$ cat entry_19.cif   # mmCIF, C-alpha atoms and all ligand atoms
data_data
#
loop_
_atom_site.label_atom_id
_atom_site.label_comp_id
_atom_site.auth_asym_id
_atom_site.auth_seq_id
_atom_site.Cartn_x
_atom_site.Cartn_y
_atom_site.Cartn_z
CA MET A 1 0.00 0.00 0.00
CA SER A 2 1.27 3.40 -0.94
CA GLU A 3 2.54 5.70 1.84
CA ARG A 4 0.65 8.69 0.55
CA LYS A 5 -2.87 9.07 -0.65
CA PRO A 6 -2.98 8.15 -4.34
CA PHE A 7 -4.19 10.94 -6.60
CA THR A 8 -7.71 10.68 -7.91
CA VAL A 9 -8.51 10.83 -11.62
CA LYS A 10 -9.96 14.30 -11.02
CA GLU A 11 -6.74 15.53 -9.39
CA LEU A 12 -4.62 14.06 -12.19
CA THR A 13 -6.84 15.69 -14.80
CA GLU A 14 -6.40 19.04 -13.05
CA GLU A 15 -2.63 18.50 -12.91
CA ALA A 16 -2.66 17.82 -16.67
CA ARG A 17 -4.09 21.31 -17.21
CA HIS A 18 -1.28 22.84 -15.17
CA PHE A 19 0.77 24.25 -18.05
CA VAL A 20 1.00 27.40 -20.15
CA PHE A 21 0.31 27.27 -23.87
CA ASP A 22 2.37 30.04 -25.43
CA SER A 23 1.36 30.42 -29.06
CA ARG A 24 4.35 32.70 -29.73
CA LEU A 25 6.35 29.48 -29.94
CA SER A 26 6.31 27.91 -33.37
CA LEU A 27 3.84 25.21 -34.32
CA ALA A 28 6.80 22.94 -35.12
CA ARG A 29 7.97 23.37 -31.53
CA TRP A 30 4.55 22.52 -30.14
CA ILE A 31 4.27 19.49 -32.38
CA ASN A 32 7.60 18.34 -30.98
CA VAL A 33 6.39 18.98 -27.43
CA CYS A 34 3.29 16.87 -28.08
CA LYS A 35 5.41 14.02 -29.35
CA SER A 36 7.68 14.33 -26.31
CA LEU A 37 4.67 14.23 -24.00
CA LEU A 38 3.37 11.11 -25.70
CA GLN A 39 6.77 9.50 -25.56
CA GLN A 40 7.19 10.29 -21.84
CA ALA A 41 3.67 9.06 -21.14
CA ASP A 42 4.49 5.76 -22.85
CA VAL A 43 7.66 5.39 -20.76
CA TYR A 44 5.71 5.93 -17.52
CA TYR A 45 2.97 3.60 -18.77
CA TYR A 46 5.43 0.76 -19.42
CA GLU A 47 7.16 1.47 -16.11
CA HIS A 48 3.72 1.19 -14.45
CA ASP A 49 3.85 4.72 -13.09
CA PHE A 50 0.20 5.18 -14.01
CA GLU A 51 -0.36 8.53 -12.31
CA GLN A 52 2.42 10.21 -14.32
CA ALA A 53 1.30 8.40 -17.46
CA TYR A 54 -2.30 9.56 -16.97
CA VAL A 55 -1.25 13.20 -16.51
CA LEU A 56 0.95 13.16 -19.62
CA TYR A 57 -1.57 11.34 -21.87
CA SER A 58 -4.19 13.76 -20.65
CA ARG A 59 -2.00 16.83 -21.32
CA PHE A 60 -1.08 15.45 -24.74
CA THR A 61 -4.71 15.03 -25.83
CA LEU A 62 -5.60 18.42 -24.36
CA ILE A 63 -2.92 20.25 -26.36
CA VAL A 64 -3.59 18.37 -29.60
CA LEU A 65 -7.37 18.62 -29.47
CA GLU A 66 -7.93 21.96 -27.71
CA TYR A 67 -4.87 24.18 -28.04
CA LEU A 68 -3.15 23.35 -31.33
CA PRO A 69 -6.24 24.14 -33.46
CA ASP A 70 -6.02 27.74 -32.16
CA HIS A 71 -2.32 28.17 -32.92
CA LYS A 72 -1.85 31.02 -35.38
CA GLU A 73 0.19 28.85 -37.74
CA MET A 74 -2.76 26.48 -38.08
CA GLU A 75 -4.55 28.93 -40.34
CA LYS A 76 -4.80 27.58 -43.83
CA SER A 77 -2.62 30.31 -45.28
CA HIS A 78 0.16 29.71 -42.75
CA ILE A 79 0.39 26.00 -42.18
CA THR A 80 3.05 24.08 -44.06
CA ARG A 81 2.16 20.80 -45.71
CA GLN A 82 4.59 19.03 -43.41
CA ASN A 83 3.09 20.47 -40.21
CA LYS A 84 -0.42 19.76 -41.43
CA ALA A 85 0.48 16.10 -41.90
CA LYS A 86 2.13 15.98 -38.46
CA VAL A 87 -0.88 17.48 -36.70
CA LYS A 88 -3.07 14.93 -38.46
CA LEU A 89 -0.88 12.13 -37.14
CA LEU A 90 -0.99 13.61 -33.64
CA LYS A 91 -4.78 13.56 -33.78
CA ILE A 92 -4.64 9.87 -34.64
CA ASP A 93 -2.27 9.37 -31.68
CA THR A 94 -4.84 10.93 -29.35
CA MET A 95 -7.07 7.90 -30.01
CA SER A 96 -4.54 5.50 -28.54
CA ALA A 97 -3.73 7.97 -25.73
CA LEU A 98 -7.41 8.12 -24.80
CA ASP A 99 -7.56 4.31 -24.92
CA LYS A 100 -4.60 4.10 -22.53
CA MET A 101 -6.26 6.63 -20.21
CA GLU A 102 -9.41 4.50 -20.17
CA GLU A 103 -7.27 1.47 -19.40
CA ILE A 104 -5.38 3.24 -16.59
CA LYS A 105 -8.43 4.91 -15.05
CA PRO A 106 -9.83 1.83 -13.24
CA ILE A 107 -6.35 1.03 -11.88
CA ILE A 108 -6.07 4.54 -10.43
CA GLU A 109 -9.62 4.38 -9.06
CA GLN A 110 -8.98 0.96 -7.55
CA ARG A 111 -5.83 2.27 -5.81
CA VAL A 112 -7.71 5.23 -4.40
CA ALA A 113 -10.52 2.92 -3.21
CA ALA A 114 -8.02 0.51 -1.63
CA TRP A 115 -6.27 3.37 0.12
CA ASP A 116 -9.58 4.80 1.39
CA TYR A 117 -10.59 1.34 2.63
CA GLU A 118 -7.29 0.92 4.45
CA GLN A 119 -7.63 4.34 6.07
CA LYS A 120 -11.16 3.51 7.27
CA GLU A 121 -10.01 0.15 8.61
CA ARG A 122 -7.11 1.81 10.36
CA ALA A 123 -9.38 4.46 11.88
CA ARG A 124 -11.81 1.75 12.99
CA LEU A 125 -8.99 -0.22 14.63
CA ILE A 126 -7.69 2.88 16.39
CA GLN A 127 -11.19 3.64 17.65
CA TYR A 128 -11.60 0.05 18.83
CA GLU A 129 -8.27 0.11 20.69
CA ARG A 130 -9.05 3.47 22.21
CA GLU A 131 -12.43 2.25 23.48
CA ALA A 132 -10.85 -0.92 24.88
CA GLN A 133 -8.26 1.17 26.70
CA ILE A 134 -10.87 3.53 28.10
CA ASN A 135 -12.94 0.54 29.29
CA HIS A 136 -9.88 -0.93 30.95
CA TYR A 137 -9.03 2.27 32.82
CA GLN A 138 -12.63 2.86 33.77
CA LYS A 139 -12.80 -0.63 35.25
CA GLN A 140 -9.57 -0.04 37.18
CA TYR A 141 -10.84 3.27 38.38
CA ARG A 142 -14.16 1.87 39.55
CA GLU A 143 -12.29 -0.89 41.36
CA ALA A 144 -10.01 1.64 43.00
CA GLN A 145 -12.96 3.74 44.08
CA ARG A 146 -14.66 0.71 45.54
CA ARG A 147 -11.55 -0.16 47.51
CA GLN A 148 -11.15 3.39 48.61
CA SER A 149 -14.75 3.56 49.87
CA GLN A 150 -14.15 0.40 51.86
CA GLY A 151 -10.96 1.91 53.19
CA ILE A 152 -9.02 -1.33 52.85
CA THR A 153 -9.65 -4.96 51.90
CA ASP A 154 -9.86 -7.64 54.56
CA ARG A 155 -6.66 -9.29 53.47
CA GLU A 156 -4.81 -6.00 53.36
CA TYR A 157 -6.22 -5.19 56.71
CA GLU A 158 -5.05 -8.53 58.15
CA LYS A 159 -1.63 -8.08 56.71
CA LEU A 160 -1.43 -4.55 57.91
CA LEU A 161 -2.53 -5.60 61.36
CA PHE A 162 0.08 -8.35 61.39
CA ASP A 163 2.78 -5.90 60.40
CA ILE A 164 1.72 -3.45 63.02
CA GLN A 165 1.59 -6.10 65.71
CA LYS A 166 5.04 -7.24 64.71
CA LEU A 167 6.32 -3.73 64.97
CA GLN A 168 4.73 -3.33 68.39
CA ALA A 169 6.18 -6.60 69.72
CA PRO A 170 8.77 -6.34 72.57
CA GLY A 171 12.34 -6.14 71.29
CA SER A 172 11.38 -4.68 67.92
CA SER A 173 13.72 -2.02 66.63
CA SER A 174 11.13 0.71 66.44
CA THR A 175 10.14 0.52 70.09
CA LYS A 176 13.77 0.41 71.10
CA SER A 177 14.66 3.45 69.10
CA SER A 178 13.10 6.43 70.75
CA SER A 179 14.62 8.83 68.27
CA SER A 180 12.90 7.24 65.27
CA ALA A 181 9.87 9.26 64.30
CA VAL A 182 9.03 7.28 61.18
CA SER A 183 9.45 3.59 60.67
CA THR A 184 9.12 1.51 57.55
CA SER A 185 7.30 -1.76 57.51
CA PRO A 186 9.72 -4.49 56.49
CA SER A 187 7.21 -6.27 54.27
CA ASN A 188 5.85 -3.44 52.17
CA SER A 189 6.56 0.10 51.24
CA ILE A 190 3.60 1.71 52.98
CA THR A 191 4.85 4.25 55.49
CA TYR A 192 3.20 4.95 58.80
CA PRO A 193 3.53 7.92 61.05
CA SER A 194 4.76 6.37 64.30
CA THR A 195 2.38 8.40 66.41
CA GLN A 196 -0.62 6.60 64.88
CA TYR A 197 0.45 3.04 65.76
CA GLU A 198 -1.94 2.87 68.60
CA HIS A 199 -4.94 3.72 66.42
CA ALA A 200 -3.95 1.11 63.90
CA VAL A 201 -5.76 2.70 60.94
CA PRO A 202 -3.38 5.29 59.52
CA ILE A 203 -4.68 4.33 56.12
CA LYS A 204 -6.23 7.07 54.13
CA GLY A 205 -3.28 9.30 53.35
CA THR A 206 -0.97 6.43 52.45
CA MET A 207 -3.38 4.32 50.44
CA GLU A 208 -4.16 7.24 48.19
CA THR A 209 -0.70 7.01 46.74
CA LEU A 210 -1.48 3.52 45.44
CA ILE A 211 -4.77 4.29 43.78
CA PRO A 212 -4.86 6.43 40.71
CA SER A 213 -7.39 9.20 41.29
CA LYS A 214 -8.11 9.27 37.55
CA PRO A 215 -7.04 7.21 34.54
CA PRO A 216 -3.53 8.10 33.37
CA PRO A 217 -3.29 9.77 30.00
CA LEU A 218 -3.69 7.40 27.07
CA PRO A 219 -0.51 6.31 25.36
CA PRO A 220 0.09 7.70 21.87
CA LEU A 221 -2.11 6.20 19.18
CA PRO A 222 -0.53 3.22 17.43
CA LEU A 223 -0.09 5.05 14.13
CA SER A 224 3.22 3.69 13.01
CA GLU A 225 3.46 5.95 9.97
CA PRO A 226 2.08 9.48 9.89
CA ILE A 227 -0.18 10.21 6.96
CA LYS A 228 1.72 12.46 4.63
CA PRO A 229 0.11 15.53 3.08
CA LEU A 230 -0.79 15.33 -0.57
CA THR A 231 2.07 17.04 -2.33
CA PRO A 232 3.59 16.50 -5.73
CA ALA A 233 6.93 15.88 -4.03
CA ASN A 234 5.56 12.74 -2.44
CA THR A 235 4.68 11.39 -5.82
CA LEU A 236 8.14 11.13 -7.06
CA VAL A 237 10.64 10.63 -4.31
CA GLU A 238 11.83 7.05 -4.39
CA GLU A 239 14.81 5.05 -3.31
CA SER A 240 18.09 6.10 -4.81
CA ALA A 241 19.39 4.10 -7.68
CA PRO A 242 22.77 4.00 -9.31
CA SER A 243 22.91 6.19 -12.34
CA SER A 244 22.63 4.23 -15.52
CA SER A 245 21.84 4.95 -19.09
CA PRO A 246 18.44 3.82 -20.38
CA SER A 247 20.01 1.04 -22.42
CA SER A 248 21.55 -0.60 -19.36
CA THR A 249 18.38 -0.38 -17.27
CA ASP A 250 16.80 -3.67 -16.33
CA LYS A 251 13.11 -2.79 -16.07
CA SER A 252 12.30 -5.90 -14.04
CA LYS A 253 14.55 -4.69 -11.20
CA ALA A 254 13.83 -1.06 -11.90
CA VAL A 255 14.09 1.45 -9.09
CA LEU A 256 13.04 5.00 -9.83
CA HIS A 257 15.81 7.57 -9.81
CA ARG A 258 15.75 9.63 -6.68
CA ILE A 259 14.64 13.25 -6.87
CA ARG A 260 17.61 15.31 -5.72
CA ALA A 261 16.36 18.84 -6.33
CA THR A 262 13.22 20.93 -6.39
CA THR A 263 12.18 24.22 -7.91
CA GLU A 264 12.09 27.28 -5.68
CA GLY A 265 8.38 26.54 -5.32
CA GLY A 266 9.12 23.04 -4.04
CA GLU A 267 8.14 21.11 -7.16
CA PRO A 268 10.34 18.08 -7.78
CA LEU A 269 12.96 18.37 -10.51
CA ARG A 270 13.77 15.03 -12.07
CA SER A 271 17.51 14.50 -12.47
CA VAL A 272 19.18 15.26 -15.79
CA PHE A 273 22.20 13.06 -16.48
CA LEU A 274 24.84 14.90 -18.50
CA PRO A 275 27.82 13.06 -20.06
CA THR A 276 31.00 14.85 -18.98
CA SER A 277 32.60 14.57 -22.42
CA LEU A 278 29.72 16.43 -24.11
CA ARG A 279 30.94 19.94 -23.28
CA PRO A 280 34.57 19.56 -24.49
CA ASP A 281 33.25 17.84 -27.64
CA PHE A 282 30.87 20.74 -28.23
CA LEU A 283 33.69 23.26 -27.77
CA ARG A 284 35.70 21.45 -30.44
CA VAL A 285 32.75 21.64 -32.86
CA ALA A 286 32.32 25.33 -31.99
CA GLN A 287 36.02 26.16 -32.27
CA THR A 288 35.86 27.65 -35.79
CA ASN A 289 33.04 29.99 -34.76
CA THR A 290 34.74 30.77 -31.46
CA ASP A 291 37.93 31.75 -33.32
CA SER A 292 35.78 34.10 -35.43
CA LYS A 293 34.15 35.48 -32.26
CA LEU A 294 30.78 34.01 -33.23
CA GLU A 295 28.47 32.11 -30.93
CA THR A 296 27.52 28.47 -31.47
CA CYS A 297 24.56 26.59 -30.06
CA GLY A 298 23.66 22.95 -29.68
CA MET A 299 20.59 21.09 -28.46
CA LEU A 300 20.70 18.72 -25.50
CA CYS A 301 18.40 15.87 -26.39
CA GLY A 302 17.66 12.61 -24.71
CA LYS A 303 15.35 10.09 -23.15
CA LEU A 304 13.28 9.59 -20.05
CA SER A 305 13.98 6.47 -18.06
CA LEU A 306 12.81 5.58 -14.56
CA ASN A 307 11.89 9.13 -13.69
CA ALA A 308 15.19 10.70 -14.82
CA PHE A 309 16.35 12.28 -18.06
CA PHE A 310 19.48 11.16 -19.89
CA ILE A 311 21.16 13.42 -22.42
CA THR A 312 21.92 10.92 -25.16
CA HIS A 313 22.37 13.29 -28.13
CA LEU A 314 24.05 16.62 -28.73
CA VAL A 315 22.41 17.94 -31.89
CA ILE A 316 23.90 20.94 -33.71
CA PRO A 317 21.06 22.65 -35.61
CA HIS A 318 21.20 25.10 -38.49
CA GLN A 319 21.87 28.46 -36.91
CA GLU A 320 22.61 32.13 -37.43
CA SER A 321 25.35 33.50 -35.22
CA THR A 322 26.64 36.89 -34.13
CA PRO A 323 29.25 37.67 -31.43
CA ASP A 324 26.50 37.76 -28.79
CA THR A 325 23.53 35.83 -30.20
CA CYS A 326 22.81 32.52 -31.81
CA ALA A 327 19.41 31.60 -33.26
CA THR A 328 18.18 28.28 -34.60
CA ILE A 329 16.94 28.34 -38.18
CA HIS A 330 15.26 25.64 -40.27
CA GLU A 331 13.79 24.27 -37.06
CA GLU A 332 11.83 21.66 -39.01
CA ILE A 333 15.06 19.73 -39.68
CA LEU A 334 15.83 19.66 -35.98
CA PHE A 335 12.32 18.58 -35.01
CA ASP A 336 12.24 15.94 -37.74
CA TYR A 337 15.42 14.51 -36.32
CA LEU A 338 14.04 14.56 -32.77
CA ASP A 339 10.77 12.96 -33.87
CA THR A 340 12.46 10.26 -35.89
CA ASN A 341 14.74 9.35 -33.01
CA ASP A 342 12.16 9.76 -30.22
CA LEU A 343 14.26 12.40 -28.51
CA ILE A 344 13.12 14.87 -25.90
CA LEU A 345 14.55 18.39 -25.92
CA LEU A 346 16.19 18.72 -22.51
CA GLY A 347 17.98 22.03 -22.92
CA TRP A 348 20.66 23.77 -24.90
CA ILE A 349 24.33 24.66 -24.84
CA HIS A 350 25.94 27.73 -26.35
CA THR A 351 29.20 29.65 -26.37
CA HIS A 352 30.07 33.18 -25.33
CA PRO A 353 33.25 33.64 -27.38
CA THR A 354 33.98 37.11 -26.03
CA GLN A 355 31.71 37.57 -23.04
CA SER A 356 31.77 36.17 -19.55
CA CYS A 357 29.70 33.25 -18.32
CA PHE A 358 26.16 34.48 -17.64
CA MET A 359 22.66 34.47 -19.12
CA SER A 360 21.92 37.47 -21.35
CA SER A 361 18.36 38.76 -21.58
CA VAL A 362 18.02 37.00 -24.94
CA ASP A 363 19.30 33.79 -23.33
CA LEU A 364 16.70 34.16 -20.57
CA HIS A 365 13.87 34.39 -23.09
CA THR A 366 15.21 31.35 -24.95
CA GLN A 367 15.51 29.40 -21.71
CA SER A 368 11.98 30.43 -20.75
CA SER A 369 10.61 28.66 -23.82
CA TYR A 370 12.51 25.51 -22.85
CA GLN A 371 11.31 25.52 -19.26
CA LEU A 372 7.77 26.20 -20.42
CA MET A 373 7.88 22.87 -22.20
CA LEU A 374 9.84 20.97 -19.57
CA LYS A 375 10.65 22.42 -16.17
CA GLU A 376 13.86 20.35 -15.92
CA SER A 377 15.36 22.00 -19.04
CA ILE A 378 18.85 23.41 -18.62
CA ALA A 379 21.07 25.98 -20.31
CA ILE A 380 24.82 25.34 -20.45
CA VAL A 381 26.86 28.46 -21.15
CA CYS A 382 30.51 28.12 -22.19
CA ALA A 383 32.80 31.15 -22.00
CA PRO A 384 36.07 29.56 -23.15
CA THR A 385 38.17 32.69 -22.67
CA GLN A 386 36.82 33.57 -19.22
CA THR A 387 36.84 32.29 -15.67
CA PRO A 388 34.59 30.58 -14.81
CA SER A 389 34.57 29.08 -18.27
CA TRP A 390 31.17 27.43 -18.02
CA ASP A 391 28.06 26.96 -15.91
CA ILE A 392 24.62 25.37 -16.04
CA TYR A 393 21.60 27.59 -15.50
CA ARG A 394 17.85 27.53 -15.14
CA LEU A 395 15.25 30.21 -14.47
CA THR A 396 14.01 30.33 -10.92
CA ASP A 397 10.47 29.03 -10.57
CA PRO A 398 8.98 31.16 -9.15
CA ASN A 399 9.62 34.00 -10.05
CA GLY A 400 12.07 33.95 -12.96
CA THR A 401 9.82 31.91 -15.24
CA SER A 402 6.78 34.17 -14.83
CA ILE A 403 8.80 37.42 -15.08
CA ILE A 404 10.34 36.38 -18.39
CA ARG A 405 7.09 34.92 -19.71
CA ARG A 406 5.31 38.21 -19.07
CA CYS A 407 8.15 40.33 -20.50
CA PRO A 408 7.08 41.48 -24.00
CA LYS A 409 10.52 42.73 -25.03
CA SER A 410 12.94 41.10 -27.41
CA SER A 411 16.58 41.71 -28.28
CA PHE A 412 18.82 42.89 -25.41
CA HIS A 413 17.04 44.64 -22.57
CA PRO A 414 17.50 44.82 -18.83
CA HIS A 415 15.47 42.76 -16.35
CA PRO A 416 15.72 44.71 -13.10
CA GLU A 417 14.23 41.96 -10.91
CA PRO A 418 16.79 40.03 -8.85
CA ASN A 419 17.34 36.26 -8.92
CA ILE A 420 15.67 35.57 -12.26
CA TYR A 421 18.03 32.68 -12.93
CA LYS A 422 20.55 30.65 -11.03
CA SER A 423 23.31 28.12 -11.47
CA THR A 424 21.97 24.61 -11.19
CA MET A 425 25.35 22.93 -11.35
CA ARG A 426 25.60 21.98 -7.68
CA HIS A 427 21.99 21.53 -6.67
CA GLY A 428 21.60 17.88 -7.56
CA HIS A 429 19.37 18.64 -10.51
CA VAL A 430 22.10 17.92 -13.08
CA VAL A 431 24.15 14.79 -12.53
CA MET A 432 27.45 14.56 -14.36
CA GLY A 433 28.04 11.08 -15.75
CA LYS A 434 31.61 10.24 -16.64
CA ASP A 435 31.03 7.22 -18.84
CA LEU A 436 27.57 8.00 -20.13
CA PRO A 437 27.43 7.34 -23.86
CA TYR A 438 26.01 9.99 -26.14
CA LYS A 439 25.97 10.85 -29.83
CA LEU A 440 27.03 14.08 -31.49
CA VAL A 441 24.92 14.90 -34.55
CA ASP A 442 25.61 17.92 -36.75
CA LEU A 443 22.48 18.68 -38.77
CA ARG A 444 24.09 21.60 -40.59
CA SER A 445 25.16 19.28 -43.39
CA ILE A 446 21.50 18.63 -44.28
CA LYS A 447 20.22 20.94 -47.00
CA PRO A 448 16.95 22.63 -45.99
CA SER A 449 13.94 21.92 -48.19
CA ASP A 450 11.91 24.74 -49.74
CA ASP A 451 8.61 23.77 -48.10
ZN ZN B 501 24.29 33.70 -24.22
ZN ZN B 502 12.62 40.23 -21.18
#

$ encode --input "entry_19.cif" --output "C-alpha cells" --more "lines below"
Ligand SMILES: [Zn+2]
Ligand SMILES: [Zn+2]
Amino acid sequence: MSERKPFTVKELTEEARHFVFDSRLSLARWINVCKSLLQQADVYYYEHDFEQAYVLYSRFTLIVLEYLPDHKEMEKSHITRQNKAKVKLLKIDTMSALDKMEEIKPIIEQRVAAWDYEQKERARLIQYEREAQINHYQKQYREAQRRQSQGITDREYEKLLFDIQKLQAPGSSSTKSSSSAVSTSPSNSITYPSTQYEHAVPIKGTMETLIPSKPPPLPPLPLSEPIKPLTPANTLVEESAPSSSPSSTDKSKAVLHRIRATTEGGEPLRSVFLPTSLRPDFLRVAQTNTDSKLETCGMLCGKLSLNAFFITHLVIPHQESTPDTCATIHEEILFDYLDTNDLILLGWIHTHPTQSCFMSSVDLHTQSSYQLMLKESIAIVCAPTQTPSWDIYRLTDPNGTSIIRRCPKSSFHPHPEPNIYKSTMRHGHVVMGKDLPYKLVDLRSIKPSDD
C-alpha cells in the first residue's frame, strides 16, 4: 500500500491542465512537445507509473485537441504541408492515448478505493483500541474507588494488622529506638507515622498514593506511519538508484531515480544526467566559430527512463550567429530529427566567445521557452576565454519563469528583478556522468527543403 494518498482521476486531470500554452512558440515546436509528451507518457505507462502516465496522456490530448487548433500557424494560409500532416498524425495518436487513459483509469480508481478502505479500517482499529483502553481504565478506576470507599480490603487489613503487631512486639527495633519518628514496615513500602500506631488505621493518606485518582493519559495512538500531506513531491521521491543509461536499465529490477532537487516553489525536478565529455566535444565543434568570435549553439536531447532524463544526443542545428547571439533556423530539420529518433529536448548549450559566463536577456527568453515545455530544461553556457569558463543555468520558478514569460521585449534589454536565474550545477538537478554514452549529430550538413 502506498505511503501517501494516491491521486484521484480528477486531481490528475487538473494536474494535466497545469501548463501554459504560449502560441508565440512555433507550431513545429509545439508538435515536438506533443510528441515528447506522448513518448514520456508511454515510458511511464510501461514502467507502471500510471499517475504520471495519466497526466501526460491527458495533457497530450488536451494540447492536440484543444490548443493546437487555435495556434496562429494552423490557419490555412500559414500552415506548411509538413506540419499539417504531423498534426493529423498527432490527432490519430490521441485515439490511442485516450484508450490508454481508459485502461489506466480503473487502476487509479482501484488504488484510491483501496487506500480509502485501508484508512477507514485503520481508523476503525484505532477507535476500537481506544475504546478498549478507556474501558480498561474505567474498570480499574471503579475498582479503586470501591476499595477506597471500603478503606481497605480484609486481606490487606489482616496483613497490615500483622505488620503493626510485629512492629509493636517487645524487642522490635522501632520501640527500642526512641529517636525514630518514622518507621518503615519491612514487608511493604507503605509508610506509617509512628504516632498513629496505637490507632492502627493510619490508612487514608498512604493508600491514596497507590490508587490512581483518575485514569492516566492514554498512550500515543498506534499510528506507526504518519499520513503524509498530498504534495507532488511525495509522488516522485523514491529510493536512490545507481545512475545508468536507459540502455543498461533492467526494467524488471527497476528502481526509480531519486529526486535530488526541487524548484524554488518546491516542485520536484527530475535528475538530468549529462555526459562529462559532451561539453569539451561541443567546444571542439564550436572552435571555428569561437575563433571568429561568433556564438555556437547545440541542443541537448535525450530520453526519459525511470523518472530521470538522460542526455543521449548533442544535436547541432542550423543556426545564425553573431558575437552575442545565436538563433536556430530551419527548425523543421531539428524537429524531424528529434521525432524520428524519439528524442526529448532537454535544454541547450551555447558559447560566449567574447563575453563572460552568464545568461543574457536574450538567453533568458530562450531558456523560458525551454522551461515552459519541460521544467527540468537546462542551459549550459561556455565562456572559453573567461573564468569561470562554463556553468549550467535555469530560471528560478517562481519568479524567474513568470517574469520572463510576461516580458514582452525582445533583443537585449535589462530585467531589473533580482534572482531571475541561477546556477543549477551543484543543486543535484544535473548529474554529471563520466562514462555515459552519447551521440554528437551535426544537422548543418542537411540541406533545408523549400517547403
Ligand atoms: Zn548567451
Ligand atoms: Zn525580457

$ closest_atom_pairs --input "entry_19.cif" --of "chain A" --to "ligand ZN 502 (chain B)" --cutoff "12 Å" --atoms "all atoms listed in the file" --output "CSV"
residue,atom,partner,partner_atom,distance
A:Met359,CA,B:ZN502,ZN,11.8
A:Ser360,CA,B:ZN502,ZN,9.7
A:Ser361,CA,B:ZN502,ZN,5.9
A:Val362,CA,B:ZN502,ZN,7.3
A:Asp363,CA,B:ZN502,ZN,9.5
A:Leu364,CA,B:ZN502,ZN,7.3
A:His365,CA,B:ZN502,ZN,6.3
A:Thr366,CA,B:ZN502,ZN,10.0
A:Gln367,CA,B:ZN502,ZN,11.2
A:Ser368,CA,B:ZN502,ZN,9.8
A:Gly400,CA,B:ZN502,ZN,10.4
A:Thr401,CA,B:ZN502,ZN,10.6
A:Ser402,CA,B:ZN502,ZN,10.5
A:Ile403,CA,B:ZN502,ZN,7.7
A:Ile404,CA,B:ZN502,ZN,5.3
A:Arg405,CA,B:ZN502,ZN,7.8
A:Arg406,CA,B:ZN502,ZN,7.9
A:Cys407,CA,B:ZN502,ZN,4.5
A:Pro408,CA,B:ZN502,ZN,6.3
A:Lys409,CA,B:ZN502,ZN,5.0
A:Ser410,CA,B:ZN502,ZN,6.3
A:Ser411,CA,B:ZN502,ZN,8.3
A:Phe412,CA,B:ZN502,ZN,8.0
A:His413,CA,B:ZN502,ZN,6.4
A:Pro414,CA,B:ZN502,ZN,7.1
A:His415,CA,B:ZN502,ZN,6.2
A:Pro416,CA,B:ZN502,ZN,9.7
A:Glu417,CA,B:ZN502,ZN,10.5
A:Ile420,CA,B:ZN502,ZN,10.5

$ atom_distance --input "entry_19.cif" --atom1 "atom CA of Arg142 of chain A" --atom2 "atom CA of Gln127 of chain A"
22.2 Å

$ residues_near_ligand --input "entry_19.cif" --ligand "ligand ZN 501 (chain B)" --cutoff "10 Å" --atoms "all atoms listed in the file" --output "list in words"
Glu295, Thr296, Cys297, Pro323, Asp324, Thr325, Cys326, Ile349, His350, Thr351, His352, Pro353, Gln355, Ser356, Cys357, Phe358, Met359, Ser360, Ser361, Val362, Asp363, Leu364, Thr366, Ala379, Ile380, Val381, Cys382 and Ala383 of chain A

$ write_last_selection --input "entry_19.cif" --atoms "C-alpha atoms" --output "PDB file, in the coordinates of the input"
ATOM      1  CA  GLU A 295      28.470  32.110 -30.930  1.00  0.00           C
ATOM      2  CA  THR A 296      27.520  28.470 -31.470  1.00  0.00           C
ATOM      3  CA  CYS A 297      24.560  26.590 -30.060  1.00  0.00           C
ATOM      4  CA  PRO A 323      29.250  37.670 -31.430  1.00  0.00           C
ATOM      5  CA  ASP A 324      26.500  37.760 -28.790  1.00  0.00           C
ATOM      6  CA  THR A 325      23.530  35.830 -30.200  1.00  0.00           C
ATOM      7  CA  CYS A 326      22.810  32.520 -31.810  1.00  0.00           C
ATOM      8  CA  ILE A 349      24.330  24.660 -24.840  1.00  0.00           C
ATOM      9  CA  HIS A 350      25.940  27.730 -26.350  1.00  0.00           C
ATOM     10  CA  THR A 351      29.200  29.650 -26.370  1.00  0.00           C
ATOM     11  CA  HIS A 352      30.070  33.180 -25.330  1.00  0.00           C
ATOM     12  CA  PRO A 353      33.250  33.640 -27.380  1.00  0.00           C
ATOM     13  CA  GLN A 355      31.710  37.570 -23.040  1.00  0.00           C
ATOM     14  CA  SER A 356      31.770  36.170 -19.550  1.00  0.00           C
ATOM     15  CA  CYS A 357      29.700  33.250 -18.320  1.00  0.00           C
ATOM     16  CA  PHE A 358      26.160  34.480 -17.640  1.00  0.00           C
ATOM     17  CA  MET A 359      22.660  34.470 -19.120  1.00  0.00           C
ATOM     18  CA  SER A 360      21.920  37.470 -21.350  1.00  0.00           C
ATOM     19  CA  SER A 361      18.360  38.760 -21.580  1.00  0.00           C
ATOM     20  CA  VAL A 362      18.020  37.000 -24.940  1.00  0.00           C
ATOM     21  CA  ASP A 363      19.300  33.790 -23.330  1.00  0.00           C
ATOM     22  CA  LEU A 364      16.700  34.160 -20.570  1.00  0.00           C
ATOM     23  CA  THR A 366      15.210  31.350 -24.950  1.00  0.00           C
ATOM     24  CA  ALA A 379      21.070  25.980 -20.310  1.00  0.00           C
ATOM     25  CA  ILE A 380      24.820  25.340 -20.450  1.00  0.00           C
ATOM     26  CA  VAL A 381      26.860  28.460 -21.150  1.00  0.00           C
ATOM     27  CA  CYS A 382      30.510  28.120 -22.190  1.00  0.00           C
ATOM     28  CA  ALA A 383      32.800  31.150 -22.000  1.00  0.00           C
TER      29      ALA A 383
END

$ residues_around --input "entry_19.cif" --residues "His318 of chain A" --least-positions-apart "4" --cutoff "6 Å" --atoms "only C-alpha atoms" --output "JSON, numbers by chain"
{"A": [328, 329, 444]}

$ atom_distance --input "entry_19.cif" --atom1 "atom CA of Cys34 of chain A" --atom2 "atom CA of Met95 of chain A"
13.8 Å

$ closest_residue --input "entry_19.cif" --among "A:Leu338, A:Ile259, A:Leu300, A:Leu283" --to "Gly428 of chain A" --atoms "only C-alpha atoms"
A:Ile259

$ atom_distance --input "entry_19.cif" --atom1 "atom CA of His427 of chain A" --atom2 "atom CA of Ala16 of chain A"
26.9 Å

$ residues_around --input "entry_19.cif" --residues "segment 11-14 of chain A" --least-positions-apart "5" --cutoff "12 Å" --atoms "all atoms listed in the file" --output "PyMOL selection string"
chain A and resi 5-6+19+50-62+101+104-105+108-109+112+230-232+235
